[in-house]
$ cat target.txt   # compact mmCIF, C-alpha atoms
# COMPACT_ATOMS: atom_id res chain seq x y z
CA MET E 1 -5.35 -27.36 -5.07
CA ASN E 2 -5.76 -24.62 -7.64
CA TRP E 3 -5.99 -20.93 -8.50
CA THR E 4 -9.30 -19.36 -9.52
CA PHE E 5 -9.10 -16.11 -11.48
CA THR E 6 -11.97 -13.68 -12.05
CA THR E 7 -12.92 -10.07 -12.76
CA ASP E 8 -15.86 -10.39 -10.33
CA LEU E 9 -15.02 -8.31 -7.26
CA ALA E 10 -18.05 -9.50 -5.31
CA ALA E 11 -17.09 -13.15 -5.84
CA PHE E 12 -13.53 -12.43 -4.74
CA VAL E 13 -14.60 -10.64 -1.57
CA ARG E 14 -17.16 -13.31 -0.75
CA THR E 15 -14.78 -16.22 -1.34
CA ALA E 16 -11.36 -14.91 -0.36
CA GLY E 17 -12.31 -12.08 1.98
CA PRO E 18 -12.35 -14.12 5.21
CA ALA E 19 -8.90 -15.60 4.51
CA LEU E 20 -7.48 -12.13 3.78
CA ALA E 21 -9.06 -10.57 6.86
CA ALA E 22 -7.63 -13.34 9.04
CA ARG E 23 -4.13 -12.00 8.27
CA PRO E 24 -4.72 -8.23 7.93
CA VAL E 25 -1.11 -7.13 8.31
CA PRO E 26 0.55 -8.90 5.34
CA ASN E 27 -2.69 -8.64 3.33
CA THR E 28 -3.14 -4.92 3.96
CA VAL E 29 -2.94 -3.92 0.28
CA LEU E 30 -5.45 -6.54 -0.84
CA LEU E 31 -7.90 -5.42 1.83
CA SER E 32 -7.59 -1.68 1.20
CA VAL E 33 -7.70 -1.99 -2.60
CA THR E 34 -10.80 -4.19 -2.61
CA ASP E 35 -12.46 -1.71 -0.25
CA ALA E 36 -11.60 1.17 -2.60
CA LEU E 37 -12.94 -0.72 -5.62
CA ALA E 38 -16.17 -1.46 -3.77
CA ARG E 39 -16.55 2.20 -2.77
CA ARG E 40 -15.46 3.93 -5.98
CA GLY E 41 -16.03 1.40 -8.73
CA PRO E 42 -13.78 -0.63 -11.05
CA ASP E 43 -12.04 2.44 -12.48
CA ALA E 44 -10.83 3.60 -9.04
CA TYR E 45 -7.20 3.01 -10.04
CA GLY E 46 -7.37 3.69 -13.78
CA GLY E 47 -9.00 2.50 -16.96
CA GLY E 48 -7.85 -1.11 -16.91
CA THR E 49 -10.15 -3.92 -15.77
CA PRO E 50 -9.20 -5.19 -12.29
CA PHE E 51 -8.88 -8.93 -11.80
CA PHE E 52 -8.50 -11.17 -8.79
CA GLY E 53 -7.45 -14.65 -7.81
CA TRP E 54 -7.63 -16.99 -4.84
CA TRP E 55 -5.85 -20.22 -3.95
CA THR E 56 -7.95 -23.18 -2.80
CA GLU E 57 -6.40 -25.99 -0.77
CA ALA E 58 -7.16 -29.69 -1.21
CA ASP E 59 -9.71 -29.52 1.62
CA GLY E 60 -11.57 -26.68 -0.09
CA ALA E 61 -10.29 -23.94 2.22
CA VAL E 62 -9.17 -20.66 0.63
CA ALA E 63 -5.61 -19.87 1.68
CA GLY E 64 -4.88 -16.47 0.15
CA GLY E 65 -5.22 -14.35 -2.93
CA LEU E 66 -3.97 -11.76 -5.39
CA LEU E 67 -5.28 -8.81 -7.33
CA CYS E 68 -4.26 -6.49 -10.13
CA THR E 69 -5.58 -3.02 -10.95
CA PRO E 70 -3.89 -2.11 -14.25
CA PRO E 71 -1.60 -0.23 -14.75
CA PHE E 72 -0.40 -1.16 -11.26
CA PRO E 73 1.50 -4.40 -10.55
CA LEU E 74 -0.13 -7.71 -9.78
CA HIS E 75 -0.02 -7.88 -5.99
CA LEU E 76 0.35 -11.32 -4.40
CA GLY E 77 -0.75 -11.71 -0.80
CA VAL E 78 0.23 -14.41 1.66
CA VAL E 79 -0.15 -17.83 0.03
CA PRO E 80 1.44 -21.28 0.50
CA GLU E 81 4.62 -22.18 -1.39
CA GLU E 82 2.76 -24.48 -3.78
CA ALA E 83 0.46 -21.59 -4.70
CA VAL E 84 3.47 -19.47 -5.67
CA ARG E 85 4.84 -22.23 -7.90
CA ALA E 86 1.41 -22.74 -9.48
CA LEU E 87 1.08 -19.01 -10.11
CA GLY E 88 4.44 -19.05 -11.88
CA ALA E 89 3.09 -21.68 -14.26
CA ALA E 90 -0.21 -19.81 -14.70
CA LEU E 91 1.60 -16.67 -15.85
CA ALA E 92 2.21 -18.43 -19.16
CA THR E 93 -1.22 -20.02 -19.59
CA GLU E 94 -3.96 -18.03 -17.84
CA PRO E 95 -5.66 -15.50 -20.20
CA LEU E 96 -6.35 -12.97 -17.42
CA LEU E 97 -2.62 -12.88 -16.61
CA ALA E 98 -1.51 -12.38 -20.22
CA GLY E 99 -1.07 -8.63 -19.86
CA VAL E 100 0.86 -8.73 -16.58
CA ARG E 101 4.28 -7.12 -16.84
CA THR E 102 4.98 -6.27 -13.19
CA LEU E 103 4.60 -8.35 -10.03
CA ASN E 104 4.80 -7.37 -6.37
CA ALA E 105 5.33 -10.22 -3.89
CA ARG E 106 7.16 -11.15 -0.74
CA ARG E 107 10.85 -11.33 -1.55
CA ARG E 108 11.17 -15.11 -1.56
CA ASP E 109 7.94 -15.48 -3.54
CA ALA E 110 9.13 -12.91 -6.08
CA GLN E 111 12.29 -14.95 -6.62
CA VAL E 112 10.23 -18.08 -7.32
CA LEU E 113 7.96 -16.19 -9.71
CA ALA E 114 10.87 -14.61 -11.54
CA ALA E 115 12.41 -18.04 -12.11
CA ALA E 116 9.11 -19.55 -13.26
CA TRP E 117 7.92 -16.71 -15.48
CA GLY E 118 9.90 -17.91 -18.47
CA ARG E 119 11.04 -14.44 -19.49
CA PRO E 120 13.84 -12.11 -18.41
CA THR E 121 12.99 -9.96 -15.40
CA ARG E 122 14.55 -7.16 -13.40
CA THR E 123 13.93 -5.85 -9.90
CA SER E 124 12.37 -2.39 -10.04
CA GLU E 125 11.86 -1.75 -6.32
CA GLU E 126 12.27 -3.33 -2.91
CA GLN E 127 9.89 -2.35 -0.12
CA ARG E 128 9.66 -3.06 3.58
CA LEU E 129 6.37 -3.43 5.42
CA TYR E 130 6.44 -2.07 8.98
CA ARG E 131 3.96 -2.34 11.83
CA LEU E 132 3.80 0.05 14.75
CA ALA E 133 4.92 -1.65 17.96
CA ALA E 134 5.05 1.27 20.43
CA LEU E 135 4.60 4.82 19.18
CA ALA E 136 7.40 7.17 20.20
CA ALA E 137 7.30 10.94 19.82
CA PRO E 138 9.90 12.57 17.54
CA ASP E 139 12.99 13.69 19.45
CA PRO E 140 13.70 16.52 19.00
CA ALA E 141 10.13 17.57 18.38
CA PRO E 142 9.68 19.57 15.16
CA ALA E 143 8.27 23.06 15.29
CA GLY E 144 4.59 23.32 14.50
CA ARG E 145 1.52 21.16 14.90
CA ALA E 146 -0.74 18.78 12.99
CA ARG E 147 -4.31 19.43 11.91
CA PRO E 148 -6.82 17.48 9.79
CA ALA E 149 -7.01 18.58 6.17
CA THR E 150 -10.27 20.16 5.02
CA GLU E 151 -12.01 20.76 1.70
CA ALA E 152 -10.27 24.13 1.53
CA ASP E 153 -6.94 22.27 1.34
CA LEU E 154 -7.88 20.25 -1.77
CA PRO E 155 -5.79 22.29 -4.26
CA LEU E 156 -2.71 21.88 -2.05
CA LEU E 157 -3.38 18.17 -1.50
CA LEU E 158 -3.77 17.58 -5.23
CA GLU E 159 -0.46 19.33 -5.88
CA TRP E 160 1.47 17.56 -3.13
CA VAL E 161 0.09 14.06 -3.71
CA THR E 162 0.79 14.39 -7.44
CA ALA E 163 4.37 15.41 -6.59
CA PHE E 164 4.65 12.44 -4.22
CA LYS E 165 3.50 10.05 -6.95
CA ALA E 166 6.01 11.50 -9.40
CA GLU E 167 8.88 11.09 -6.92
CA ALA E 168 7.80 7.56 -6.01
CA GLY E 169 7.31 6.47 -9.61
CA VAL E 170 3.61 5.75 -9.06
CA PRO E 171 1.48 6.02 -12.23
CA GLY E 172 -1.05 8.82 -12.56
CA SER E 173 -1.80 11.96 -10.60
CA ALA E 174 -3.68 12.65 -7.39
CA SER E 175 -7.40 11.78 -7.40
CA GLU E 176 -9.83 14.36 -6.07
CA PRO E 177 -12.46 11.72 -5.12
CA VAL E 178 -9.83 9.80 -3.15
CA LEU E 179 -8.71 12.92 -1.34
CA ARG E 180 -12.29 13.94 -0.58
CA ASP E 181 -12.90 10.49 0.85
CA ARG E 182 -9.81 10.77 3.04
CA ILE E 183 -10.94 14.17 4.28
CA SER E 184 -14.38 12.74 5.14
CA TYR E 185 -12.96 10.54 7.92
CA GLY E 186 -9.98 12.70 8.92
CA GLY E 187 -7.57 10.52 6.97
CA THR E 188 -5.21 13.28 5.81
CA LEU E 189 -3.23 15.43 8.23
CA LEU E 190 -1.18 18.53 7.49
CA TRP E 191 1.75 19.68 9.59
CA GLU E 192 1.76 23.46 9.91
CA ARG E 193 4.46 25.85 11.01
CA ALA E 194 3.54 29.47 11.64
CA GLY E 195 0.15 28.75 10.09
CA SER E 196 1.50 27.39 6.80
CA PRO E 197 1.39 23.69 5.72
CA VAL E 198 4.85 22.16 5.39
CA SER E 199 4.17 18.38 5.28
CA LEU E 200 1.35 15.84 4.99
CA ALA E 201 0.55 12.26 5.94
CA GLY E 202 -2.51 10.17 5.18
CA PHE E 203 -3.89 6.92 6.52
CA SER E 204 -6.42 4.41 5.23
CA ARG E 205 -9.62 3.27 6.86
CA ALA E 206 -9.06 0.32 9.16
CA MET E 207 -9.58 -2.85 7.12
CA GLY E 208 -9.46 -6.15 8.93
CA SER E 209 -8.36 -4.12 11.99
CA ALA E 210 -5.32 -2.63 10.19
CA SER E 211 -4.80 0.92 8.89
CA ARG E 212 -1.89 1.92 6.66
CA ILE E 213 -0.02 5.23 6.73
CA GLY E 214 0.61 6.89 3.38
CA PRO E 215 1.35 8.95 1.52
CA VAL E 216 3.87 10.93 3.55
CA TYR E 217 5.20 13.96 1.69
CA THR E 218 7.25 17.05 2.47
CA PRO E 219 8.07 19.52 -0.33
CA PRO E 220 11.83 19.76 -0.97
CA GLU E 221 12.12 23.27 0.45
CA HIS E 222 10.79 22.09 3.84
CA ARG E 223 12.81 18.90 4.25
CA GLY E 224 15.39 18.22 6.91
CA ARG E 225 13.42 19.83 9.74
CA GLY E 226 11.59 16.79 11.14
CA TYR E 227 8.16 17.71 9.77
CA ALA E 228 7.60 14.28 8.20
CA ALA E 229 8.29 12.62 11.55
CA GLY E 230 5.88 14.99 13.28
CA VAL E 231 3.02 14.46 10.85
CA THR E 232 3.58 10.69 10.68
CA HIS E 233 3.44 10.51 14.47
CA ALA E 234 0.18 12.47 14.43
CA ALA E 235 -1.30 10.31 11.63
CA SER E 236 -0.36 7.15 13.55
CA GLU E 237 -2.19 8.41 16.63
CA ALA E 238 -5.18 9.37 14.49
CA ALA E 239 -5.30 5.91 12.87
CA TYR E 240 -5.49 4.31 16.31
CA ALA E 241 -8.20 6.78 17.29
CA THR E 242 -10.38 5.67 14.35
CA GLY E 243 -10.32 2.07 15.58
CA ALA E 244 -7.26 0.47 14.03
CA ALA E 245 -5.62 -2.26 16.11
CA GLU E 246 -2.59 -2.34 13.81
CA VAL E 247 -0.95 0.65 12.12
CA LEU E 248 1.27 -0.17 9.13
CA LEU E 249 3.34 1.51 6.46
CA PHE E 250 5.55 0.66 3.50
CA THR E 251 8.92 2.19 2.74
CA ASP E 252 11.30 2.05 -0.18
CA LEU E 253 14.39 0.21 1.04
CA ALA E 254 16.50 2.47 -1.16
CA ASN E 255 15.59 5.43 1.09
CA PRO E 256 17.53 5.10 4.37
CA THR E 257 16.25 8.45 5.65
CA SER E 258 12.58 7.46 5.72
CA ASN E 259 13.38 4.00 7.09
CA GLY E 260 15.32 5.61 9.93
CA VAL E 261 12.48 8.01 10.73
CA TYR E 262 9.93 5.22 11.02
CA LEU E 263 12.19 3.05 13.16
CA ARG E 264 12.65 5.94 15.60
CA LEU E 265 8.89 6.41 15.77
CA GLY E 266 8.47 2.81 16.92
CA TYR E 267 7.75 0.95 13.68
CA THR E 268 9.23 -2.54 13.35
CA PRO E 269 9.87 -4.60 10.18
CA VAL E 270 7.33 -7.26 9.17
CA GLU E 271 8.48 -8.43 5.74
CA ASP E 272 10.28 -7.30 2.60
CA ARG E 273 8.59 -7.24 -0.78
CA THR E 274 10.09 -7.11 -4.25
CA GLU E 275 8.64 -5.64 -7.42
CA ILE E 276 9.81 -7.40 -10.57
CA VAL E 277 9.29 -6.27 -14.16
CA ALA E 278 9.32 -8.41 -17.27
CA ALA E 279 11.92 -7.28 -19.79
$ encode --input "target.txt" --output "structure tokens"
Amino acid sequence: MNWTFTTDLAAFVRTAGPALAARPVPNTVLLSVTDALARRGPDAYGGGTPFFGWWTEADGAVAGGLLCTPPFPLHLGVVPEEAVRALGAALATEPLLAGVRTLNARRRDAQVLAAAWGRPTRTSEEQRLYRLAALAAPDPAPAGRARPATEADLPLLLEWVTAFKAEAGVPGSASEPVLRDRISYGGTLLWERAGSPVSLAGFSRAMGSASRIGPVYTPPEHRGRGYAAGVTHAASEAAYATGAAEVLLFTDLANPTSNGVYLRLGYTPVEDRTEIVAA
């Protein structure tokens, strides 16, 4: 049983892809990020070199994986307990992991990794992964309607997604190629009131049968009117319409408002994840 680490995306997809696709809900980030790298190249998430890893069982079967697209955290998917312990040891010895300063893993796995890392750590964020069980319309319904974003909306999308990233503490600004790609398959919706956009929600292509909602953003001056619920409901319907069997989203557990909105729309918790940072 061992980890294999590489910078070869094709080798990772070929070797670990079937295991990831077999569990598309908890592996949603691994699936969507590898798809983005394949579509847009290794610099899709910044200038750092992406790297990948997969865990092989004693019988030769691959049982899960991880990836890192610097400057974003190393993201650990679903793996057996022994793989988590082995990864903790590898953090101190594996050259490709030498630059890792932030890890994102299921809560219990993050605790194991923090203990094994051999350096002080702190929790920087706790997230909850939700899946849509039965979509419910917002009640009361917000004023306005949803429409797909178009090329003419790019300046607004760039502004709003950059603002979303700043609020969420996500590195970098909005990417025009990413937004153009989303527009190409109807993956960004705007909620309009009286003909003016007041909120947005995006969704990813279905990967391994699962699509993920995000980002969801309402400018401060338009908040408190239910627009985010309206546009998230519309984006969830649109994700199903593009072929997704599962619709997912992540929330920051420190934000009770957004968690409450998604619960009322019919989303149910799947798992909690913790982001830890080396001191």
$ atom_distance --input "target.txt" --atom1 "CA of Leu87 (chain E)" --atom2 "CA of Arg14 (chain E)"
21.3 Å
$ atom_distance --input "target.txt" --atom1 "CA of Gly46 (chain E)" --atom2 "CA of Gly172 (chain E)"
8.2 Å
$ residues_around --input "target.txt" --residues "Ala22 (chain E)" --least-positions-apart "3" --cutoff "12 Å" --atoms "all atoms listed in the file" --output "list in words"
Ala16, Gly17, Pro18, Ala19, Val25, Pro26, Asn27, Thr28, Leu31, Val62, Ala63, Gly64, Val78, Met207, Gly208, Ser209 and Ala210 of chain E
$ closest_residue --input "target.txt" --among "E:Val247, E:Ala238, E:Leu74, E:Leu9" --to "Ala98 (chain E)" --atoms "only C-alpha atoms"
E:Leu74
$ closest_residue --input "target.txt" --among "E:Leu158, E:Leu113, E:Val100, E:Ala134" --to "Phe72 (chain E)" --atoms "all atoms listed in the file"
E:Val100
$ build_atoms --input "target.txt" --residues "region 125-141 of chain E" --atoms "N, CA and C atoms" --output "tab-separated table (two decimals), in the coordinates of the input"
chain	number	residue	atom	x	y	z
E	125	GLU	N	11.94	-2.39	-7.63
E	125	GLU	CA	11.86	-1.75	-6.32
E	125	GLU	C	11.83	-2.81	-5.23
E	126	GLU	N	12.39	-2.48	-4.08
E	126	GLU	CA	12.27	-3.33	-2.91
E	126	GLU	C	11.66	-2.50	-1.79
E	127	GLN	N	10.63	-3.05	-1.16
E	127	GLN	CA	9.89	-2.35	-0.12
E	127	GLN	C	9.97	-3.12	1.18
E	128	ARG	N	9.76	-2.41	2.28
E	128	ARG	CA	9.66	-3.06	3.58
E	128	ARG	C	8.33	-2.67	4.22
E	129	LEU	N	7.60	-3.67	4.68
E	129	LEU	CA	6.37	-3.43	5.42
E	129	LEU	C	6.70	-3.35	6.91
E	130	TYR	N	6.25	-2.28	7.55
E	130	TYR	CA	6.44	-2.07	8.98
E	130	TYR	C	5.10	-2.07	9.69
E	131	ARG	N	5.11	-2.50	10.95
E	131	ARG	CA	3.96	-2.34	11.83
E	131	ARG	C	4.41	-1.55	13.05
E	132	LEU	N	3.49	-0.77	13.60
E	132	LEU	CA	3.80	0.05	14.75
E	132	LEU	C	3.74	-0.79	16.02
E	133	ALA	N	4.86	-0.86	16.72
E	133	ALA	CA	4.92	-1.65	17.96
E	133	ALA	C	4.59	-0.77	19.17
E	134	ALA	N	5.29	0.34	19.33
E	134	ALA	CA	5.05	1.27	20.43
E	134	ALA	C	5.40	2.66	19.94
E	135	LEU	N	4.40	3.49	19.78
E	135	LEU	CA	4.60	4.82	19.18
E	135	LEU	C	5.46	5.70	20.08
E	136	ALA	N	6.50	6.27	19.48
E	136	ALA	CA	7.40	7.17	20.20
E	136	ALA	C	7.35	8.55	19.54
E	137	ALA	N	7.34	9.58	20.35
E	137	ALA	CA	7.30	10.94	19.82
E	137	ALA	C	8.64	11.31	19.19
E	138	PRO	N	8.64	12.13	18.14
E	138	PRO	CA	9.90	12.57	17.54
E	138	PRO	C	10.77	13.30	18.56
E	139	ASP	N	12.05	13.05	18.52
E	139	ASP	CA	12.99	13.69	19.45
E	139	ASP	C	14.24	14.09	18.66
E	140	PRO	N	14.47	15.39	18.46
E	140	PRO	CA	13.70	16.52	19.00
E	140	PRO	C	12.37	16.71	18.28
E	141	ALA	N	11.44	17.31	18.97
E	141	ALA	CA	10.13	17.57	18.38
E	141	ALA	C	10.24	18.68	17.35
